[in-house]
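Quick notes on the structure that follows.
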Amino acid sequence: MAVSLTRTAVRVFIGGLGLCAAISIAAAEDAATPKAAPAEQGAANAAAATPPASDDVKQIKLTDDQVTRFIAAQTDLAAIASKIQAAGDKPDSALQTELESIATKHGFTNFAELDDVAANISIVMAGLDATTGNFVDPVDALKKERDDVQKDNSIPEADKKQLLDELNEAIGTTPKLQYKENVDLVKAHRAEIEKALQ
C-alpha cells in the first residue's frame, strides 16, 4: 500500500517555525508583508501556528508510549528531512519505503499511524503558550487574533480585510482539540519534543 505523505508530516518533521509551521504558509507570509505592522505580524504568527486542517487530521487519544516513540523517530526523520521537503505531497516509492521503515523501526504499525500521532502532537503544541506553557485551543487563539485585528485601527482597510479573510479561513479549517487529556501528556514531553525537532 502506498503511503501518502500528508501536509501534516511535512509540517511536523521539517520543524521550521515549530511543529505546525507549514512551508507554504511561511513562504506566503514572507512574500506578503515584508514590513508588517505589529497586528499583522500577530496574524501571520497565528496562521503559521495553525494546526493541520480538520480533513487532514484523524484525532486520537495519545499514549505516553506513542509520544516517546514519536520523539525517538525524529533523528531518523531529520536525516531525510530534505527528501521529505522536496517531495511535497508526492513522495516517490523509495521515499515512501523509507518512511514506512522508519515508522516500523520505532514501533508504529505504518507511517500513517506515525503521521496521526504527529498531527495530534502538533495540535497541542500549537496551542501551548511559549512562556507560560498554558494551553489555549488553536481555534480560540485564532478567534482572539481575529478580534484583535478587527479592533486595530492602524491596519489599512485592504490589509485588514485580507488578514480577516485568512483568519476566518483558518478558523474554519482548524480542528478543535477532541482529546483534552492529550494536553497534559504532550506538556509532560514538551522539552523532549522541542529538542528532538531542533
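Chain labels follow the order of the C-alpha cells: the first chain is A, the next B, and so on; residue numbering restarts at 1 in every chain, and ligands are counted from 1 in their shown order.
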
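The neighbours of A:Asp140 here are the residues that come within 12 Å of it, using only C-alpha atoms and leaving out any residue fewer than 3 positions away in the same chain; they are A:Ala46, A:Thr50, A:Ala126, A:Gly127, A:Phe135, A:Val136, A:Asp137, A:Lys143, A:Lys144, A:Glu145, A:Arg146, A:Asp147, A:Leu167, A:Asn168, A:Ala170, A:Ile171, A:Gly172, A:Thr174, A:Pro175, A:Lys176, A:Leu177.
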
If you count only C-alpha atoms, which residues fall within 12 Å of A:Thr68, apart from same-chain ones fewer than 3 positions away, as a PyMOL selection string? chain A and resi 62-65+71-74+106-108+114+117-118+121+185-186+188-193+196

Restricting the output to C-alpha atoms, write the selected residues as a PDB file, in the first residue's frame.
ATOM      1  CA  LEU A  62      -2.346   9.719  22.553  1.00  0.00           C
ATOM      2  CA  THR A  63      -0.433   7.340  24.799  1.00  0.00           C
ATOM      3  CA  ASP A  64       2.833   8.017  26.576  1.00  0.00           C
ATOM      4  CA  ASP A  65       4.409   5.240  24.514  1.00  0.00           C
ATOM      5  CA  ILE A  71      10.353  11.605  19.745  1.00  0.00           C
ATOM      6  CA  ALA A  72      12.735   8.706  19.076  1.00  0.00           C
ATOM      7  CA  ALA A  73      11.787   8.676  15.376  1.00  0.00           C
ATOM      8  CA  GLN A  74      12.809  12.312  14.889  1.00  0.00           C
ATOM      9  CA  HIS A 106      10.027   2.882  16.041  1.00  0.00           C
ATOM     10  CA  GLY A 107       7.110   0.567  16.773  1.00  0.00           C
ATOM     11  CA  PHE A 108       4.373   2.128  14.652  1.00  0.00           C
ATOM     12  CA  LEU A 114       3.164   7.864  12.936  1.00  0.00           C
ATOM     13  CA  VAL A 117       0.487  10.769  16.241  1.00  0.00           C
ATOM     14  CA  ALA A 118       2.499  13.672  14.807  1.00  0.00           C
ATOM     15  CA  ILE A 121       1.008  16.296  18.984  1.00  0.00           C
ATOM     16  CA  LEU A 185       0.681  14.189  28.002  1.00  0.00           C
ATOM     17  CA  VAL A 186       2.299  16.478  25.427  1.00  0.00           C
ATOM     18  CA  ALA A 188       4.964  16.326  30.055  1.00  0.00           C
ATOM     19  CA  HIS A 189       7.139  15.648  26.984  1.00  0.00           C
ATOM     20  CA  ARG A 190       7.291  19.219  25.669  1.00  0.00           C
ATOM     21  CA  ALA A 191      11.009  19.798  26.275  1.00  0.00           C
ATOM     22  CA  GLU A 192      11.911  16.458  24.683  1.00  0.00           C
ATOM     23  CA  ILE A 193       9.667  17.156  21.677  1.00  0.00           C
ATOM     24  CA  ALA A 196      14.012  16.433  19.044  1.00  0.00           C
TER      25      ALA A 196
END

Mind checking DSSP for stretch 52-162 of chain A and telling me the alpha helix (DSSP H) residues as a PDB file with C-alpha atoms, in the first residue's frame?
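Output (result_23.pdb):
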ATOM      1  CA  ASP A  64       2.833   8.017  26.576  1.00  0.00           C
ATOM      2  CA  ASP A  65       4.409   5.240  24.514  1.00  0.00           C
ATOM      3  CA  GLN A  66       3.322   6.818  21.207  1.00  0.00           C
ATOM      4  CA  VAL A  67       4.764  10.200  22.164  1.00  0.00           C
ATOM      5  CA  THR A  68       8.042   8.601  23.291  1.00  0.00           C
ATOM      6  CA  ARG A  69       8.325   6.644  20.034  1.00  0.00           C
ATOM      7  CA  PHE A  70       7.488   9.772  18.017  1.00  0.00           C
ATOM      8  CA  ILE A  71      10.353  11.605  19.745  1.00  0.00           C
ATOM      9  CA  ALA A  72      12.735   8.706  19.076  1.00  0.00           C
ATOM     10  CA  ALA A  73      11.787   8.676  15.376  1.00  0.00           C
ATOM     11  CA  GLN A  74      12.809  12.312  14.889  1.00  0.00           C
ATOM     12  CA  THR A  75      16.519  11.538  14.492  1.00  0.00           C
ATOM     13  CA  ASP A  76      15.809   9.208  11.573  1.00  0.00           C
ATOM     14  CA  LEU A  77      13.271  11.604  10.061  1.00  0.00           C
ATOM     15  CA  ALA A  78      15.656  14.548  10.364  1.00  0.00           C
ATOM     16  CA  ALA A  79      18.193  12.574   8.337  1.00  0.00           C
ATOM     17  CA  ALA A  81      14.123  15.954   6.002  1.00  0.00           C
ATOM     18  CA  SER A  82      15.426  17.423   2.741  1.00  0.00           C
ATOM     19  CA  LYS A  83      13.920  14.493   0.809  1.00  0.00           C
ATOM     20  CA  ILE A  84      10.595  14.949   2.611  1.00  0.00           C
ATOM     21  CA  GLN A  85      10.577  18.661   1.866  1.00  0.00           C
ATOM     22  CA  ALA A  86      11.487  18.138  -1.789  1.00  0.00           C
ATOM     23  CA  ALA A  87       8.762  15.507  -2.222  1.00  0.00           C
ATOM     24  CA  SER A  93       8.156   4.876  -3.844  1.00  0.00           C
ATOM     25  CA  ALA A  94      11.709   4.875  -2.463  1.00  0.00           C
ATOM     26  CA  LEU A  95      10.871   7.682  -0.006  1.00  0.00           C
ATOM     27  CA  GLN A  96       7.584   6.001   0.913  1.00  0.00           C
ATOM     28  CA  THR A  97       9.502   2.822   1.680  1.00  0.00           C
ATOM     29  CA  GLU A  98      11.992   4.795   3.774  1.00  0.00           C
ATOM     30  CA  LEU A  99       9.190   6.459   5.740  1.00  0.00           C
ATOM     31  CA  GLU A 100       7.474   3.115   6.337  1.00  0.00           C
ATOM     32  CA  SER A 101      10.773   1.658   7.505  1.00  0.00           C
ATOM     33  CA  ILE A 102      11.343   4.490   9.987  1.00  0.00           C
ATOM     34  CA  ALA A 103       7.795   4.143  11.321  1.00  0.00           C
ATOM     35  CA  THR A 104       8.024   0.391  11.858  1.00  0.00           C
ATOM     36  CA  LYS A 105      11.540   0.686  13.323  1.00  0.00           C
ATOM     37  CA  PHE A 111       3.760   5.613   8.524  1.00  0.00           C
ATOM     38  CA  ALA A 112       0.081   6.600   8.614  1.00  0.00           C
ATOM     39  CA  GLU A 113      -0.001   5.817  12.350  1.00  0.00           C
ATOM     40  CA  LEU A 114       3.164   7.864  12.936  1.00  0.00           C
ATOM     41  CA  ASP A 115       1.625  10.699  10.917  1.00  0.00           C
ATOM     42  CA  ASP A 116      -1.556  10.595  13.032  1.00  0.00           C
ATOM     43  CA  VAL A 117       0.487  10.769  16.241  1.00  0.00           C
ATOM     44  CA  ALA A 118       2.499  13.672  14.807  1.00  0.00           C
ATOM     45  CA  ALA A 119      -0.669  15.552  13.844  1.00  0.00           C
ATOM     46  CA  ASN A 120      -2.193  15.149  17.296  1.00  0.00           C
ATOM     47  CA  ILE A 121       1.008  16.296  18.984  1.00  0.00           C
ATOM     48  CA  SER A 122       1.094  19.299  16.654  1.00  0.00           C
ATOM     49  CA  ILE A 123      -2.439  20.366  17.580  1.00  0.00           C
ATOM     50  CA  VAL A 124      -1.441  20.530  21.249  1.00  0.00           C
ATOM     51  CA  MET A 125       1.950  22.148  20.602  1.00  0.00           C
ATOM     52  CA  ALA A 126       0.270  24.852  18.502  1.00  0.00           C
ATOM     53  CA  GLY A 127      -1.879  25.772  21.490  1.00  0.00           C
ATOM     54  CA  PRO A 138      -5.834  26.922  18.500  1.00  0.00           C
ATOM     55  CA  VAL A 139      -9.361  27.808  17.314  1.00  0.00           C
ATOM     56  CA  ASP A 140      -9.850  30.061  20.343  1.00  0.00           C
ATOM     57  CA  ALA A 141      -6.417  31.642  19.787  1.00  0.00           C
ATOM     58  CA  LEU A 142      -7.306  32.370  16.156  1.00  0.00           C
ATOM     59  CA  LYS A 143     -10.625  33.914  17.191  1.00  0.00           C
ATOM     60  CA  LYS A 144      -8.828  36.178  19.681  1.00  0.00           C
ATOM     61  CA  GLU A 145      -6.351  37.181  16.973  1.00  0.00           C
ATOM     62  CA  ARG A 146      -9.256  37.956  14.632  1.00  0.00           C
ATOM     63  CA  ASP A 147     -10.859  40.152  17.313  1.00  0.00           C
ATOM     64  CA  ASP A 148      -7.540  41.977  17.848  1.00  0.00           C
ATOM     65  CA  VAL A 149      -7.168  42.619  14.101  1.00  0.00           C
ATOM     66  CA  GLN A 150     -10.763  43.908  13.887  1.00  0.00           C
ATOM     67  CA  LYS A 151     -10.083  46.404  16.693  1.00  0.00           C
ATOM     68  CA  GLU A 157      -8.583  48.527   5.437  1.00  0.00           C
ATOM     69  CA  ALA A 158      -7.402  46.442   2.458  1.00  0.00           C
ATOM     70  CA  ASP A 159      -4.790  44.685   4.607  1.00  0.00           C
ATOM     71  CA  LYS A 160      -7.272  44.235   7.425  1.00  0.00           C
ATOM     72  CA  LYS A 161      -9.782  42.586   5.081  1.00  0.00           C
ATOM     73  CA  GLN A 162      -7.128  40.188   3.785  1.00  0.00           C
TER      74      GLN A 162
END

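For the pair atom CA of A:Asp165 and atom CA of A:Gln59, the interatomic distance is 26.1 Å.
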